[in-house]
Amino acid sequence: MTTSKEISKVRDPRYPFTAIVGSEDLKLALILNAVSPRVGGVLVRGEKGTAKSTIVRALAALLPAVEVVDGCRFSCDPAAPDPECPDGPHGVRTGAARPARLVELPVGASEDRLAGSLDIERALTEGVKAFEPGLLAAAHRGVLYVDEVNLLHDHLVDLLLDAAALGTCYVEREGVSVRHAARFLLVGTMNPEEGELRPQLLDRFGLTVEVRASREPSQRAEVVRRRLAFDAEPAGFATRWSERERALAARIAEARARVANVVLPDSALRQIATVCAAFEVDGLRADLVTANAAIAHAAWRGRTAVTADDVREAARLALPHRRRRDPFDAPGLDESKLEDLLSRVPDEPDDDPDPDAPDPGGPGGGGCAEDGSGGEAPGGDGAAEDGPGGDGSGGEGTRPTPPGAADTGPAHAGPGSAGAPSPGAGPAADPAREAGATRRDQAFDADPARPARLFTVPGIGAGAPGRRSRARTPLGRTTGARTPEGRPASLHLKATVGAAAPYQLGRGRSGPGLLLRREDLREAVREGREGNLVLFVVDASGSMAARQRMRAVKAAVLGLLLDAYQRRDKVGLVTFRGTRADLVLPPTSSVEAGAARLRDLPTGGRTPLAAGLLRAAEVLRVERLRDPARRPLVVLVTDGRATSGTVEESHRAAGLLAGVTGVVVDCENGHVRLGLARSLAERMGAETVRLDDLADLAGMIRERRAAA
């Protein structure tokens, strides 16, 4: 007999979890969290088109149903209701089973939508103080899914951090004081090309997985075959995989029932502590997550005690993102070192009563994460051994990036990374072919990045929320109220009530509700911080390479890049050398891509200063059309010399940047200084900063106090 739940699935089918091709590490990470929510969630990192969102959404159909109190908007458990639930006290209430929820948090959601707020409609019409729950309440005892989590606004990240740490959501605003439980499985997906995740939130994810599309033609073909079949007949495709879905859901439920009885032997605990200490992870959260993941993996594999295999799988997923010491480092784990560490601590005998327990990827495993879907795909040309697949792009589960990958930058770095010459640099083997070259090209390593001063754009902007310059934003502290030109973006309740109050008698008010008219509405004016476009224009000519000065230059720019990362800026990189200027990094939120380009930047040749300034002006013109609200900050790194072209041409080009907030980093050194960079800055209307003073601590403190 078909249940109503199954009917709803057929009417609105999602791509089946067991039909996903590849992505074995991701499937394993999600299943471990389904078995034990204590694992702490999953962060999925990967290039676009790798089925990240599809596989996460498919997980919801596999989660066991939850018992909730009838009529409770906060999903209280009838066996142990929250004594402080806003809808309580519940007393003796009946419970009802409902499917576990997958609640999606949009990147552009408001704080009120996430945490909840005063029910404005009831407050104004009925005169009562009522609380309207947000997404955190809806996600309680379910899954909170954030697509593009790295683009989430900082104020929402702060709320998520508090809720994830405390398991409770506190709302104190507009006369409302509410506290409710908010324990959920946090799952986020992100594309590293669009920027990295804030470290505090990154650490809140229990496990992390890198996902890349398969390079195997047969597997890619199977992904396309299944996706086309799903698009042609979603209900029929879901029906063909329904048996495997039920089998996998049943296995997850069995493992969840078993997990409380799994034993963590002292030997396994010592292995976990040894591994976490050797990889120098911060704090003890890594140890706890690894232990919980190992227990979940043992339950998933049908064991009653944790073994070294369980510790190995847990460490592979729990530690890579916790080893990062620099935002520009790619997450990774040396698996040979992991094996060596595990072998140092002897494993106790396995007390598993059934050592021959079936592998979850084997028959009856329902396409589990260990070795595929466990049989021939229905109508899939026998390709089911590839395992569960995706939204048309599949995705091959890959091992974490090995150590050393950060030295060459991310895989998507493109030209100018991994030792390749930057665009326009000419063949590395014969730099003399470059017009005007006077010395052999060199690629200097960077000194360690130095902390940078805070540079801001003056005035008040209206760009994307960030942490650099003052701006009118939808977020931040309320500084006043105004009459909205259209629909109010954010209602200022006190000002609205104050505007309507004098007219209540004249409007014939007789009940508790407030009589409002459109002209009474007021919207809040908020001031916060915005992110800017920081365009680096770097002189990579031979004069900058003299006496290996480029090492210090790269260190300074890396420090500024780190500052841009922390302040949620977009960054771009223009370099000039020889006879031309190149846009090495188009404006992007991925500052680690800029670090990769910079580290491998070759130097040498003449100095086409005018060409570099003209290219910078063109980049700003194009970006102004694309994103007119984002204000630019130009950072020119040069010694002011121009050996290709004339000084007059350079000054005319600098005049094109007048009116744009700029900083000229003067790299001229020696006893005799010509002051060329300073005169160039005067033409640009920019501030001049000496390279040696860029990280001046006293200057940083003054800047921060002035900006506060």
# chains A, B, ... in the order shown; residues from 1 in each chain; ligands from 1
call {"tool": "select_by_dssp", "arguments": {"residues": "stretch 515-685 of chain A", "states": "strand (DSSP E or B)", "output": "ChimeraX atom specification"}}
result
/A:523-530,533-539,570-577,580-588,603,632-638,662-666
call {"tool": "closest_residue", "arguments": {"among": "A:Ala260, A:Gly142, A:Glu485, A:Cys76", "to": "A:Pro89", "atoms": "only C-alpha atoms"}}
result
A:Cys76
call {"tool": "closest_residue", "arguments": {"among": "A:Asp569, A:Glu254, A:Asp639, A:Glu523", "to": "A:Ser541", "atoms": "only C-alpha atoms"}}
result
A:Asp639
call {"tool": "closest_residue", "arguments": {"among": "A:Tyr565, A:Val56, A:Gly40, A:Asp282", "to": "A:Ala165", "atoms": "only C-alpha atoms"}}
result
A:Gly40
call {"tool": "residues_around", "arguments": {"residues": "A:Gln271", "least_positions_apart": "3", "cutoff": "9 Å", "atoms": "only C-alpha atoms", "output": "number ranges by chain"}}
result
A: 266-268, 274-276, 308, 311, 341-347
call {"tool": "write_last_selection", "arguments": {"atoms": "N, CA, C and O atoms", "output": "PDB file, in the first residue's frame"}}
result
ATOM      1  N   ASP A 266      39.925   2.589  24.382  1.00  0.00           N
ATOM      2  CA  ASP A 266      41.007   3.512  24.717  1.00  0.00           C
ATOM      3  C   ASP A 266      42.044   3.582  23.603  1.00  0.00           C
ATOM      4  O   ASP A 266      42.630   4.644  23.351  1.00  0.00           O
ATOM      5  N   SER A 267      42.272   2.448  22.944  1.00  0.00           N
ATOM      6  CA  SER A 267      43.264   2.451  21.861  1.00  0.00           C
ATOM      7  C   SER A 267      42.818   3.357  20.724  1.00  0.00           C
ATOM      8  O   SER A 267      43.613   4.119  20.159  1.00  0.00           O
ATOM      9  N   ALA A 268      41.522   3.314  20.364  1.00  0.00           N
ATOM     10  CA  ALA A 268      41.009   4.187  19.307  1.00  0.00           C
ATOM     11  C   ALA A 268      41.040   5.642  19.750  1.00  0.00           C
ATOM     12  O   ALA A 268      41.350   6.544  18.953  1.00  0.00           O
ATOM     13  N   THR A 274      46.374  11.148  19.069  1.00  0.00           N
ATOM     14  CA  THR A 274      47.686  11.185  18.422  1.00  0.00           C
ATOM     15  C   THR A 274      47.608  11.869  17.065  1.00  0.00           C
ATOM     16  O   THR A 274      48.441  12.716  16.715  1.00  0.00           O
ATOM     17  N   VAL A 275      46.600  11.515  16.277  1.00  0.00           N
ATOM     18  CA  VAL A 275      46.448  12.091  14.945  1.00  0.00           C
ATOM     19  C   VAL A 275      46.180  13.590  15.024  1.00  0.00           C
ATOM     20  O   VAL A 275      46.804  14.396  14.314  1.00  0.00           O
ATOM     21  N   CYS A 276      45.262  14.001  15.892  1.00  0.00           N
ATOM     22  CA  CYS A 276      44.910  15.420  15.986  1.00  0.00           C
ATOM     23  C   CYS A 276      46.095  16.254  16.486  1.00  0.00           C
ATOM     24  O   CYS A 276      46.329  17.369  16.009  1.00  0.00           O
ATOM     25  N   ALA A 308      40.576   1.010  13.905  1.00  0.00           N
ATOM     26  CA  ALA A 308      41.474   1.952  13.226  1.00  0.00           C
ATOM     27  C   ALA A 308      40.906   2.386  11.883  1.00  0.00           C
ATOM     28  O   ALA A 308      41.120   3.523  11.447  1.00  0.00           O
ATOM     29  N   VAL A 311      38.608   5.250  12.560  1.00  0.00           N
ATOM     30  CA  VAL A 311      39.370   6.462  12.872  1.00  0.00           C
ATOM     31  C   VAL A 311      39.959   7.060  11.601  1.00  0.00           C
ATOM     32  O   VAL A 311      39.958   8.282  11.407  1.00  0.00           O
ATOM     33  N   LEU A 341      50.791   7.422  11.650  1.00  0.00           N
ATOM     34  CA  LEU A 341      50.351   7.758  12.999  1.00  0.00           C
ATOM     35  C   LEU A 341      49.439   6.679  13.576  1.00  0.00           C
ATOM     36  O   LEU A 341      49.539   6.323  14.752  1.00  0.00           O
ATOM     37  N   LEU A 342      48.550   6.155  12.748  1.00  0.00           N
ATOM     38  CA  LEU A 342      47.648   5.110  13.228  1.00  0.00           C
ATOM     39  C   LEU A 342      48.396   3.834  13.583  1.00  0.00           C
ATOM     40  O   LEU A 342      48.022   3.118  14.516  1.00  0.00           O
ATOM     41  N   SER A 343      49.476   3.567  12.846  1.00  0.00           N
ATOM     42  CA  SER A 343      50.236   2.341  13.109  1.00  0.00           C
ATOM     43  C   SER A 343      51.050   2.439  14.404  1.00  0.00           C
ATOM     44  O   SER A 343      51.458   1.415  14.961  1.00  0.00           O
ATOM     45  N   ARG A 344      51.292   3.658  14.870  1.00  0.00           N
ATOM     46  CA  ARG A 344      52.085   3.818  16.093  1.00  0.00           C
ATOM     47  C   ARG A 344      51.318   3.383  17.333  1.00  0.00           C
ATOM     48  O   ARG A 344      51.914   2.998  18.334  1.00  0.00           O
ATOM     49  N   VAL A 345      49.991   3.498  17.292  1.00  0.00           N
ATOM     50  CA  VAL A 345      49.165   3.109  18.427  1.00  0.00           C
ATOM     51  C   VAL A 345      48.496   1.788  18.084  1.00  0.00           C
ATOM     52  O   VAL A 345      47.657   1.736  17.196  1.00  0.00           O
ATOM     53  N   PRO A 346      48.866   0.697  18.721  1.00  0.00           N
ATOM     54  CA  PRO A 346      48.295  -0.599  18.371  1.00  0.00           C
ATOM     55  C   PRO A 346      46.798  -0.632  18.595  1.00  0.00           C
ATOM     56  O   PRO A 346      46.277  -0.041  19.544  1.00  0.00           O
ATOM     57  N   ASP A 347      46.119  -1.313  17.677  1.00  0.00           N
ATOM     58  CA  ASP A 347      44.674  -1.443  17.754  1.00  0.00           C
ATOM     59  C   ASP A 347      44.313  -2.625  18.623  1.00  0.00           C
ATOM     60  O   ASP A 347      44.921  -3.688  18.525  1.00  0.00           O
TER      61      ASP A 347
END
call {"tool": "closest_atom_pairs", "arguments": {"of": "stretch 126-196 of chain A", "to": "stretch 65-73 of chain A", "cutoff": "9 Å", "atoms": "only C-alpha atoms", "output": "JSON lines"}}
result
{"residue": "A:Pro133", "atom": "CA", "partner": "A:Arg73", "partner_atom": "CA", "distance": 7.6}
{"residue": "A:Ala137", "atom": "CA", "partner": "A:Arg73", "partner_atom": "CA", "distance": 7.5}
{"residue": "A:Ala138", "atom": "CA", "partner": "A:Arg73", "partner_atom": "CA", "distance": 7.6}
{"residue": "A:Arg141", "atom": "CA", "partner": "A:Val66", "partner_atom": "CA", "distance": 7.7}
{"residue": "A:Gly142", "atom": "CA", "partner": "A:Val66", "partner_atom": "CA", "distance": 8.6}
call {"tool": "write_last_selection", "arguments": {"atoms": "all heavy atoms", "output": "compact mmCIF listing (two decimals), in the first residue's frame"}}
result
# COMPACT_ATOMS: atom_id res chain seq x y z
N PRO A 133 8.18 32.72 14.32
CA PRO A 133 9.43 31.96 14.24
C PRO A 133 10.13 32.12 12.91
O PRO A 133 9.51 32.40 11.88
CB PRO A 133 8.96 30.50 14.45
CG PRO A 133 7.60 30.60 15.04
CD PRO A 133 7.01 31.86 14.51
N ALA A 137 14.05 28.02 13.85
CA ALA A 137 13.01 27.23 14.51
C ALA A 137 12.51 26.13 13.58
O ALA A 137 12.28 24.99 14.01
CB ALA A 137 11.85 28.13 14.92
N ALA A 138 12.36 26.43 12.30
CA ALA A 138 11.89 25.42 11.35
C ALA A 138 12.90 24.29 11.18
O ALA A 138 12.54 23.14 10.91
CB ALA A 138 11.60 26.07 10.01
N ARG A 141 15.82 19.98 14.83
CA ARG A 141 15.71 18.52 14.68
C ARG A 141 15.67 18.10 13.21
O ARG A 141 15.22 17.01 12.88
CB ARG A 141 14.48 17.99 15.42
CG ARG A 141 14.46 18.35 16.91
CD ARG A 141 13.22 17.86 17.59
NE ARG A 141 13.18 16.40 17.62
CZ ARG A 141 12.07 15.69 17.83
NH1 ARG A 141 10.91 16.33 18.00
NH2 ARG A 141 12.12 14.38 17.86
N GLY A 142 16.16 18.99 12.34
CA GLY A 142 16.24 18.68 10.92
C GLY A 142 17.56 19.13 10.34
O GLY A 142 18.60 19.11 11.00
call {"tool": "residues_around", "arguments": {"residues": "A:Thr496", "least_positions_apart": "2", "cutoff": "7 Å", "atoms": "only C-alpha atoms", "output": "PyMOL selection string"}}
result
chain A and resi 492-494+498-500+520-522
call {"tool": "write_last_selection", "arguments": {"atoms": "N, CA, C and O atoms", "output": "JSON list (two decimals), in the first residue's frame"}}
result
[["chain", "number", "residue", "atom", "x", "y", "z"],
["A", 492, "HIS", "N", 10.68, 50.49, 10.36],
["A", 492, "HIS", "CA", 11.08, 51.05, 11.65],
["A", 492, "HIS", "C", 9.80, 51.18, 12.46],
["A", 492, "HIS", "O", 8.99, 52.11, 12.28],
["A", 493, "LEU", "N", 9.60, 50.22, 13.39],
["A", 493, "LEU", "CA", 8.33, 50.11, 14.08],
["A", 493, "LEU", "C", 8.03, 51.34, 14.94],
["A", 493, "LEU", "O", 6.92, 51.90, 14.90],
["A", 494, "LYS", "N", 9.02, 51.78, 15.70],
["A", 494, "LYS", "CA", 8.78, 52.91, 16.61],
["A", 494, "LYS", "C", 8.42, 54.16, 15.83],
["A", 494, "LYS", "O", 7.48, 54.89, 16.20],
["A", 498, "GLY", "N", 4.88, 56.12, 15.87],
["A", 498, "GLY", "CA", 4.89, 57.54, 16.22],
["A", 498, "GLY", "C", 4.26, 58.41, 15.15],
["A", 498, "GLY", "O", 3.60, 59.41, 15.47],
["A", 499, "ALA", "N", 4.42, 58.02, 13.89],
["A", 499, "ALA", "CA", 3.82, 58.80, 12.82],
["A", 499, "ALA", "C", 2.31, 58.63, 12.78],
["A", 499, "ALA", "O", 1.57, 59.56, 12.40],
["A", 500, "ALA", "N", 1.81, 57.44, 13.16],
["A", 500, "ALA", "CA", 0.36, 57.18, 13.08],
["A", 500, "ALA", "C", -0.38, 57.60, 14.34],
["A", 500, "ALA", "O", -1.59, 57.88, 14.28],
["A", 520, "ASP", "N", 2.03, 56.59, 6.86],
["A", 520, "ASP", "CA", 2.58, 56.44, 8.20],
["A", 520, "ASP", "C", 3.86, 55.60, 8.22],
["A", 520, "ASP", "O", 4.63, 55.67, 9.18],
["A", 521, "LEU", "N", 4.04, 54.79, 7.21],
["A", 521, "LEU", "CA", 5.15, 53.84, 7.22],
["A", 521, "LEU", "C", 6.50, 54.56, 7.19],
["A", 521, "LEU", "O", 6.69, 55.52, 6.44],
["A", 522, "ARG", "N", 7.42, 54.05, 7.99],
["A", 522, "ARG", "CA", 8.79, 54.55, 8.01],
["A", 522, "ARG", "C", 9.74, 53.36, 7.92],
["A", 522, "ARG", "O", 9.50, 52.30, 8.51]]
call {"tool": "closest_residue", "arguments": {"among": "A:Arg270, A:Arg690, A:Arg38, A:Arg526", "to": "A:Gly461", "atoms": "only C-alpha atoms"}}
result
A:Arg526
call {"tool": "closest_residue", "arguments": {"among": "A:Glu682, A:Phe576, A:Pro16, A:Arg621", "to": "A:Arg244", "atoms": "only C-alpha atoms"}}
result
A:Pro16
call {"tool": "atom_distance", "arguments": {"atom1": "atom CA of A:Asp87", "atom2": "atom CA of A:Gly167"}}
result
17.8 Å
call {"tool": "residues_around", "arguments": {"residues": "stretch 143-157 of chain A", "least_positions_apart": "4", "cutoff": "8 Å", "atoms": "only C-alpha atoms", "output": "MDAnalysis selection string"}}
result
chainID A and resid 53 56 60 100:108 110:111 114 136 139 161 184:191 194:198 201 465:466 475
call {"tool": "closest_residue", "arguments": {"among": "A:Arg597, A:Arg301, A:Arg179, A:Arg529", "to": "A:Leu561", "atoms": "only C-alpha atoms"}}
result
A:Arg597
call {"tool": "select_by_dssp", "arguments": {"residues": "stretch 517-696 of chain A", "states": "helix (DSSP H, G or I)", "output": "MDAnalysis selection string"}}
result
chainID A and resid 518:520 542:548 550:566 591:599 609:626 647:655 676:684 691:693
call {"tool": "residues_around", "arguments": {"residues": "A:His297", "least_positions_apart": "4", "cutoff": "7 Å", "atoms": "only C-alpha atoms", "output": "list in words"}}
result
Leu32, Ala293, Arg301 and Asp310 of chain A
